Structures are given as structure tokens and as C-alpha cells.
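S.K.: Let me begin by handing over the structure; questions about it come next.
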Amino acid sequence: MKLINLKFRIQALSLGCILGLFFSTLGDVSNGQLLIEITQGVERPVPMAVVPFAWEGSDTEPPMDLANLITSNLTQSGRFQAISESDMLTRPTLPVDVNFQDWQLLDVDVLVIGRLSEDSPDRYTAIFQLFDTLRGEQLLGFRLTSSRSELRATGHRISDMIFRNLTGLPGVFETQIAYVSDDRAGPERRFRLIVSDSDGANARVVADSPEPLMSPAWSPDGRKIAYVSFEGESSSVYVQTLRTGVRDKVSARLGINGAPVFSPDGRKLLLTLTMEPGNLDIYSLDLAGQVLTRMTRHPSIDTEAVFSPDGETIYFTSDRSGGPQIYKVANRPGARAERVTFEGNYNARPRTSPSGEELAIVHQVQGNFRIAVVDPSTGLTQVLTNGMLDESPSFAPNGAQIIYATRQKGRGVLASVSADGKIHRQIVSVEGEVRDPAWSPFPRI
Amino acid sequence: MTKKIWLGVYFVVTFALVGCGGEPATQTSMASPSSAAPPIGGGESDETASTAGTGEARSIGVFSEGPGSIAGESLLNTLVVYFDFDRSEILPESRDLLAAHGEYLLANQSARLRLEGHADERGTREYNIGLGERRAQAVRRVLLLQGASLDQMGTVSYGEERPAVFGSDEDSYEQNRRVELAYRQ
């Protein structure tokens, strides 16, 4: 057992060394930019090679190094291990030039080759092929066209196609994450709500304030974000459209306006309000008509609500039994709440998996706050992380990973863990503190 | 339920103490529910005030018309009330402090006070907003019983978003579990 552990650790370590990747941002964010590192991958990552793409165009250099982007994406998933370009015996870009023995010699199981060409000004075609080198056959081959600004998204889409073919899971490379950065360096503390690609690149500021920003939540179409802002010295909930930057103040009631989440149809928000002074309860706000429906009624703290994917059930945190625990209530006024978690004395901030079969929660173990998954039908709890202050879990839309906030040397960073607890990734911001991550839904094409 | 009774007992004791003219707080039979004591007692806590939170609201000048006694002024200069982990009960060491502020508010009907509830960083963010709110409300209730009026006080909870000190140790946590009393002109 010990031997296996050690071997596993060495493998994880070497993987970590290979995969220490750095991203440059395209946006205007110097603060809160992220850098991803695999701290523990799967025990036997699939050995692969992505050959630099051929380039045909007016410039000498291609506008985007697609092979590098695809390599980064796949290795960052923790499921693949890529050989470096310098170790390649040949660098084919056309199927006729592929000699499978070359790759078998290098123990490479899967091979990606491709070409990028400039067809006309601002019109590019990317062609890629995925091969199984052991069987000597093509697994996948596609042609994608895009403008220059869409090339990064194209690289992510190619990564998603390869990932899906090899793992059977939809890839999440074309998704985004929202998070809060906390800049304490300047004369004034700055809170920023940032949205970046899921690899940390392309970070852009959605909101910027000297007062706290917290609890970002995506609309189901991925076009809007609801969040809490303390501008004006009290909390309000805003819904902001990402593309236009237009935002609506949807709740600024006396007392607390917090913990927003969208309903699966995008028409409602669940909110925590104190309509009775000091008593936090869950309310459902119909966004079109501003109609408010009370969903819980209890003198305890009821907060951190979330819908099940079918919209039938609301899960939330309540300390009605003494300490915080997860409860569920049917999505209709006056329904009776039932307790879900029974393991441990602190269970809070539930988020449902896309299938609805699991909840990711914050669970206290021996004084440490960790991310756990709970089966809501049995209450069975499985701890996934080993930090001291892990919080704010959010499922990737494919359900395979959970992003969360943790600490590294006292600094707020993001990390992700696979839903089975086997793959651990650290997502460190280059500067400042980051926290409160929320993973976007799949893009709607 | 037990919490309500506990709080009720506390109010009775608080009034008794106020009646006695605000002697220094001593340990009474009413022990705090948790063993951890806050770092600083009710009395001379200039240090607390200077390390905690935003500066401008703690100006001493506000109290120039306050109760005359030296002891009273020193209590009024203390603008932070501390709490135990995951609790919102007022600790015995905060009684004199709140009694002094209650008297001041009663005597100065134009005084306005904002109660800012905070939590330490442990636990989830939105739950901690709830905890900060509960603490602010606990202070508000005590001040109301001391004679302050409803329209003199507002509450806000920042949860763990605005710590007095940045740090992940028990010392920092103790300073961050607090309600700040912010007087407005």
C-alpha cells in the first residue's frame, strides 16, 4: 500500500513539473490572473503528442499556437501526459506523413496533428486529426473556420472534441469561470468580479468596487451573472449582462440581500433576504414581474439556496438544528423542509451536480473546512479535499470537476478537484487574493 | 428556546449593572456559552479600536457631549464588541460598554449609530453574513433595552468580507468576530 502510494506521488510530482504552465492574458487584467498546475493527476495519464500545426498565411508566425493550447488544455485536465516538441522524432502535419512506429517508440498512445491556414483576411481554417497510434487508425478529424478573435475558442473547441472522444465526457475547455479578486496592495482595497476562460486566460473585469463583491452566479444561458455588491454601504443584488455590461439592481431591500442563484429556466432568482429584521430566509424573485415568494419560514439562518437541475427542489443551509446543515424543500410555498446532511456538525453552501445526483458542500472535519460531495437521498458524505479553509464549491457543467476556493501559504487561491477526488489542480492567481469561483454552463452555440 | 431564556436572563443582569452605575465588569455566575474569551475586556481598549476596521467612524469628538464621567467616556471610546466562534450572544465583558452607549443614545436623541456585524473567515461566506447580522441584531436589541430608539440605529452585515485584521490564526479570528459601532454625524 505504501509502495503504491509512493509511486503514485512520484508520478503526480513529475506530472506537476511537466505541467507547470503559464498563461498570458488577453484582457486588461493584471490582477487576479490565473495559472493552473496539476498537483495530482490520474494514476495512469494517457501519453499523447500534439504536433505543432502547419501554418499557411501572410504572416510568418501563426496568430495562435493551437497545438500549444490543445496540449495545455488536455494536460491540465490531469488525464493526459504530453511529450515535449523536442522529444518528437518527426513532426508530421499531414496524415500521409504519420509513421505510427515513430510514436509507438515514444510510448505515445494518441497523436494529434493539424494545419491552420488563412483563407482570406480574418478568415482562418483549422484542420485537425486524432490518431490511435497503437491501432494505427484515425479516431477523429474535423475542419473548423473562425475569425482571428475566435481562434482561441476554436482551440478550446478542438480540445473539447478530443477530450470527449478519448474520455467519453464532454470537455469544459470552452467554458468560463467567474471569481472575485481582492486587491489589498493599493491605497484602497479593491474588489473585482472577474470572468476568465476556464484555463485562466482571457480574464476581464466585470465589476470593480472599493466595497465587497461576492457570490457570483451564472444564468443558465451563460449570458448574465448575478452577484452581491456592498456599494452604497449596504448589500444589493445585481444581474449584469456580460456582453453589454448593462446591470440591473434586482434587490436592494432593507437588511440583507444575498446568496443569489438562478432557476434552471433563468426566470427567477433565489435570494436570502431579511424581510423580518435579522431573520434570514430564502425567497424566490420572479425577475420579470419583481414578484417575491417566500420559500422558507424559520427564525434560524436560512441561506445559500440552490435549485436542483429540474427546478423541483431547493437545497439550502440552515442552522435550525443548532449548527449549519443542508436542508431541502420542495419548490412551492409552504412546503416542509427536510434535513439532508447528518455527518459532522458543519455542512453548508450546497451546489447541485448537473445530474442532480450529488451536492458539493463545505464540510467541517476536525476543525478544517473541506469540500465534500453528498448523496442527497442518503446523506452519505465523501470528503474530496484536504485544506483548512476550502469553500465555495461549484461543479463544472460536465459534472466531472468541482472548482473551489482554498488557501496557499495564507493567500486565497482557487483549486479544482475531480468529482471522484482523484485529480487535484491548483489555480493560482499571479497577484492578489481570489475566491468565490463559479463555473459557467456550457456555451450555447 | 434556551437561547431566548439565556438572553432574557442577561438583560435582567444588564439592567441591574446599569443601575449600579457601571462598575467594572467582573465574572458573574452567567458564564459565556463558549470557553474562549475575547482578547480585550470592556474597559481600556484604545488598542482594539486602533487595530480594528475603518478609522474615520471612531472619532472621539462625537462624544464631547456624552456622559461626563471619565469612566463613561473611556467606554464610549470603545467601538467594538467581540463574540465567540459561531455565536452571537453578548459576552459579559461587553455589558458596561453597551450600557454606556445605550445611555449616550438615550441622552443624545440626534445621535445615529450604524451597527456593522462581522465574522471570522471560518465557515461559508453567506452563512457568515447571517452570523454578522445576528451579532449586529444582538447589539441592537441590547441598546434598545438601554433606551436607544429604533430610528437611531441601522445594521449591516459584512460577514467575513471586511476583516479587522488579515490573518488565519486564533488571534486574528478573535479580533474579526465583532460588531463595530459606527456613529454618524
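By convention here, the chains of the C-alpha cells are called A, B, ... in the order presented, each chain's residues are numbered starting at 1, and ligands are numbered starting at 1 in the order presented.
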As a ChimeraX atom specification, please: the residues near A:Ser58 (cut-off 10 Å, only C-alpha atoms, same-chain neighbours under 6 positions excluded).
M.R.: /A:117-121
S.K.: How about saving the chosen residues, N, CA, C and O atoms kept, as an mmCIF file, in the first residue's frame?
M.R.:
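Writing done, so here's part-v1.cif:
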data_model
loop_
_atom_site.group_PDB
_atom_site.id
_atom_site.type_symbol
_atom_site.label_atom_id
_atom_site.label_comp_id
_atom_site.auth_asym_id
_atom_site.auth_seq_id
_atom_site.Cartn_x
_atom_site.Cartn_y
_atom_site.Cartn_z
ATOM 1 N N SER A 117 -4.723 27.611 -41.651
ATOM 2 C CA SER A 117 -4.449 28.427 -42.837
ATOM 3 C C SER A 117 -5.325 29.672 -42.840
ATOM 4 O O SER A 117 -6.416 29.693 -42.271
ATOM 5 N N GLU A 118 -4.781 30.714 -43.464
ATOM 6 C CA GLU A 118 -5.515 31.978 -43.600
ATOM 7 C C GLU A 118 -6.127 31.971 -44.992
ATOM 8 O O GLU A 118 -5.422 32.043 -45.992
ATOM 9 N N ASP A 119 -7.457 31.843 -45.059
ATOM 10 C CA ASP A 119 -8.125 31.722 -46.356
ATOM 11 C C ASP A 119 -8.297 33.082 -46.998
ATOM 12 O O ASP A 119 -8.128 33.258 -48.201
ATOM 13 N N SER A 120 -8.684 34.063 -46.207
ATOM 14 C CA SER A 120 -8.869 35.435 -46.659
ATOM 15 C C SER A 120 -8.649 36.289 -45.418
ATOM 16 O O SER A 120 -8.555 35.751 -44.316
ATOM 17 N N PRO A 121 -8.568 37.608 -45.567
ATOM 18 C CA PRO A 121 -8.338 38.432 -44.378
ATOM 19 C C PRO A 121 -9.359 38.113 -43.263
ATOM 20 O O PRO A 121 -10.561 38.113 -43.516
#
S.K.: Could you build a table of the residues in chain A lying no more than 8 Å from chain B, giving for each the nearest pair of atoms and their separation in Å rounded to one decimal place, using only C-alpha atoms, ordered by chain and ascending residue number, as CSV?
M.R.:
residue,atom,partner,partner_atom,distance
A:Pro212,CA,B:Glu161,CA,6.3
A:Ser215,CA,B:Glu126,CA,7.9
A:Glu233,CA,B:Val156,CA,7.9
A:Ser234,CA,B:Val156,CA,6.2
A:Ser235,CA,B:Val156,CA,7.9
A:Gly255,CA,B:Val156,CA,6.6
A:Ile256,CA,B:Ser157,CA,7.4
A:Gly258,CA,B:Glu126,CA,7.1
A:Ala259,CA,B:Glu126,CA,6.3
A:Gly278,CA,B:Arg134,CA,6.1
A:Leu280,CA,B:Gly130,CA,6.7
A:Ile301,CA,B:Gly130,CA,6.1
A:Thr303,CA,B:Tyr127,CA,6.5
A:Glu304,CA,B:Glu126,CA,6.4
A:Thr317,CA,B:Tyr127,CA,7.6
A:Ala348,CA,B:Thr124,CA,6.7
A:Arg349,CA,B:Thr124,CA,6.6
A:Val362,CA,B:Thr124,CA,7.3
A:Phe369,CA,B:Gly123,CA,6.9
A:Leu389,CA,B:Arg122,CA,6.7
A:Glu391,CA,B:Thr124,CA,6.3
A:Ser392,CA,B:Thr124,CA,7.2
A:Gly410,CA,B:Ser168,CA,7.0
S.K.: Kindly export the residues of the current selection with all heavy atoms, as a compact mmCIF listing (two decimals), in the first residue's frame.
M.R.:
# COMPACT_ATOMS: atom_id res chain seq x y z
N PRO A 212 -17.10 45.38 -0.77
CA PRO A 212 -17.09 43.95 -1.12
C PRO A 212 -18.05 43.56 -2.25
O PRO A 212 -19.16 44.08 -2.36
CB PRO A 212 -17.50 43.28 0.19
CG PRO A 212 -17.06 44.21 1.26
CD PRO A 212 -17.25 45.59 0.68
N SER A 215 -20.39 36.26 -4.11
CA SER A 215 -21.42 35.31 -4.53
C SER A 215 -21.86 35.41 -5.99
O SER A 215 -23.05 35.47 -6.28
CB SER A 215 -22.65 35.44 -3.62
OG SER A 215 -22.28 35.27 -2.27
N GLU A 233 -22.86 51.09 0.89
CA GLU A 233 -22.83 50.71 2.31
C GLU A 233 -23.90 49.75 2.77
O GLU A 233 -24.16 49.61 3.95
CB GLU A 233 -22.83 51.96 3.20
CG GLU A 233 -21.61 52.85 2.97
CD GLU A 233 -21.40 53.83 4.10
OE1 GLU A 233 -22.40 54.39 4.56
OE2 GLU A 233 -20.25 54.00 4.51
N SER A 234 -24.60 49.12 1.84
CA SER A 234 -25.47 48.01 2.24
C SER A 234 -25.48 47.03 1.07
O SER A 234 -25.07 47.37 -0.04
CB SER A 234 -26.88 48.50 2.56
OG SER A 234 -27.44 49.09 1.41
N SER A 235 -25.94 45.82 1.33
CA SER A 235 -25.86 44.81 0.28
C SER A 235 -27.02 44.92 -0.70
O SER A 235 -28.15 45.21 -0.31
CB SER A 235 -25.84 43.41 0.91
OG SER A 235 -27.01 43.18 1.65
N GLY A 255 -31.88 45.55 4.94
CA GLY A 255 -31.21 44.40 5.54
C GLY A 255 -30.38 43.66 4.51
O GLY A 255 -29.76 44.26 3.64
N ILE A 256 -30.40 42.34 4.60
CA ILE A 256 -29.54 41.52 3.76
C ILE A 256 -30.18 41.23 2.41
O ILE A 256 -31.36 40.90 2.33
CB ILE A 256 -29.21 40.19 4.49
CG1 ILE A 256 -28.27 40.49 5.65
CG2 ILE A 256 -28.60 39.17 3.54
CD1 ILE A 256 -28.10 39.35 6.61
N GLY A 258 -28.75 38.76 -0.37
CA GLY A 258 -27.58 37.91 -0.60
C GLY A 258 -27.88 36.60 -1.28
O GLY A 258 -29.02 36.28 -1.61
N ALA A 259 -26.77 35.85 -1.51
CA ALA A 259 -26.79 34.47 -1.99
C ALA A 259 -27.69 34.23 -3.20
O ALA A 259 -28.52 33.33 -3.20
CB ALA A 259 -27.18 33.53 -0.84
N GLY A 278 -33.37 40.90 10.87
CA GLY A 278 -32.46 39.93 11.46
C GLY A 278 -32.76 38.48 11.16
O GLY A 278 -31.98 37.61 11.55
N LEU A 280 -32.91 35.69 8.45
CA LEU A 280 -32.59 35.34 7.07
C LEU A 280 -33.45 34.18 6.60
O LEU A 280 -33.46 33.11 7.20
CB LEU A 280 -31.11 34.92 6.95
CG LEU A 280 -30.04 36.02 7.05
CD1 LEU A 280 -29.82 36.44 8.49
CD2 LEU A 280 -28.74 35.54 6.43
N ILE A 301 -30.97 31.02 10.71
CA ILE A 301 -30.36 31.49 9.47
C ILE A 301 -30.68 30.48 8.38
O ILE A 301 -30.28 29.33 8.46
CB ILE A 301 -28.82 31.63 9.62
CG1 ILE A 301 -28.47 32.73 10.62
CG2 ILE A 301 -28.17 31.91 8.26
CD1 ILE A 301 -26.97 32.84 10.93
N THR A 303 -30.03 30.22 4.36
CA THR A 303 -29.32 30.93 3.30
C THR A 303 -28.67 29.94 2.34
O THR A 303 -28.84 28.74 2.46
CB THR A 303 -28.26 31.90 3.91
OG1 THR A 303 -27.69 32.69 2.88
CG2 THR A 303 -27.16 31.15 4.63
N GLU A 304 -27.93 30.47 1.34
CA GLU A 304 -27.15 29.66 0.40
C GLU A 304 -28.02 28.64 -0.33
O GLU A 304 -27.69 27.46 -0.42
CB GLU A 304 -25.99 28.96 1.15
CG GLU A 304 -25.10 29.96 1.85
CD GLU A 304 -24.00 29.36 2.70
OE1 GLU A 304 -24.18 28.28 3.27
OE2 GLU A 304 -22.96 30.01 2.82
N THR A 317 -28.72 26.06 3.24
CA THR A 317 -28.08 25.93 4.55
C THR A 317 -29.01 26.50 5.60
O THR A 317 -29.58 27.58 5.40
CB THR A 317 -26.77 26.74 4.59
OG1 THR A 317 -25.94 26.36 3.50
CG2 THR A 317 -26.02 26.52 5.91
N ALA A 348 -22.48 23.16 4.79
CA ALA A 348 -23.08 24.39 4.28
C ALA A 348 -22.78 24.60 2.80
O ALA A 348 -21.97 23.91 2.21
CB ALA A 348 -22.56 25.59 5.08
N ARG A 349 -23.45 25.60 2.22
CA ARG A 349 -23.28 26.11 0.85
C ARG A 349 -23.38 24.97 -0.20
O ARG A 349 -22.41 24.65 -0.88
CB ARG A 349 -21.93 26.81 0.72
CG ARG A 349 -22.02 28.23 0.13
CD ARG A 349 -22.58 28.31 -1.28
NE ARG A 349 -21.82 27.62 -2.27
CZ ARG A 349 -21.09 28.17 -3.25
NH1 ARG A 349 -21.06 29.46 -3.39
NH2 ARG A 349 -20.46 27.46 -4.12
N VAL A 362 -19.57 22.47 1.74
CA VAL A 362 -18.45 22.71 2.64
C VAL A 362 -18.74 21.92 3.92
O VAL A 362 -19.82 22.04 4.50
CB VAL A 362 -18.30 24.22 2.96
CG1 VAL A 362 -17.21 24.43 4.00
CG2 VAL A 362 -17.99 24.99 1.68
N PHE A 369 -12.21 23.12 7.21
CA PHE A 369 -13.34 23.20 6.29
C PHE A 369 -12.91 22.63 4.94
O PHE A 369 -11.92 23.07 4.36
CB PHE A 369 -13.80 24.66 6.14
CG PHE A 369 -14.40 25.19 7.41
CD1 PHE A 369 -13.59 25.81 8.36
CD2 PHE A 369 -15.75 25.02 7.69
CE1 PHE A 369 -14.13 26.28 9.55
CE2 PHE A 369 -16.30 25.48 8.87
CZ PHE A 369 -15.49 26.10 9.80
N LEU A 389 -9.31 25.73 4.90
CA LEU A 389 -10.39 26.70 4.70
C LEU A 389 -10.92 26.60 3.27
O LEU A 389 -10.98 27.60 2.55
CB LEU A 389 -9.87 28.12 4.97
CG LEU A 389 -9.57 28.46 6.42
CD1 LEU A 389 -8.74 29.73 6.52
CD2 LEU A 389 -10.87 28.63 7.21
N GLU A 391 -13.69 26.37 0.46
CA GLU A 391 -15.08 26.82 0.43
C GLU A 391 -15.55 27.11 -1.00
O GLU A 391 -14.79 27.01 -1.95
CB GLU A 391 -15.28 28.05 1.32
CG GLU A 391 -14.48 29.26 0.88
CD GLU A 391 -14.72 30.48 1.76
OE1 GLU A 391 -15.51 30.40 2.71
OE2 GLU A 391 -14.11 31.51 1.48
N SER A 392 -16.81 27.47 -1.12
CA SER A 392 -17.44 27.88 -2.38
C SER A 392 -17.28 26.88 -3.52
O SER A 392 -16.79 27.22 -4.60
CB SER A 392 -16.88 29.24 -2.83
OG SER A 392 -16.94 30.18 -1.80
N GLY A 410 -1.43 31.03 3.08
CA GLY A 410 -2.21 32.13 3.62
C GLY A 410 -2.90 32.99 2.57
O GLY A 410 -3.62 33.92 2.91
S.K.: Using only C-alpha atoms, which protein or nucleic acid residues come within 7 Å of A:Arg351? Drop anything in the same chain fewer than 5 positions from it, and give the result as a ChimeraX atom specification.
M.R.: /A:306,359-361,393-394
S.K.: Please identify the alpha helix (DSSP H) residues within stretch 30-206 of chain A (assignment by DSSP from backbone atoms) and present them as a ChimeraX atom specification.
M.R.: /A:66-76,100-105,151-167
S.K.: Quick one: DSSP strand (DSSP E or B) residues in stretch 6-199 of chain A, as a VMD selection string?
M.R.: chain A and resid 34 to 40 46 to 50 54 to 56 80 to 82 110 to 120 123 to 132 137 to 146 176 to 183 190 to 197
S.K.: Identify which of the residues B:Pro92, B:Ala164, B:Ser110, B:Leu97 lies closest to B:Ser149, counting only C-alpha atoms when measuring atom-to-atom distances.
M.R.: B:Ser110
S.K.: If you count only C-alpha atoms, which residues fall within 7 Å of B:Arg114, apart from same-chain ones fewer than 2 positions away, as a count of residues only?
M.R.: 8
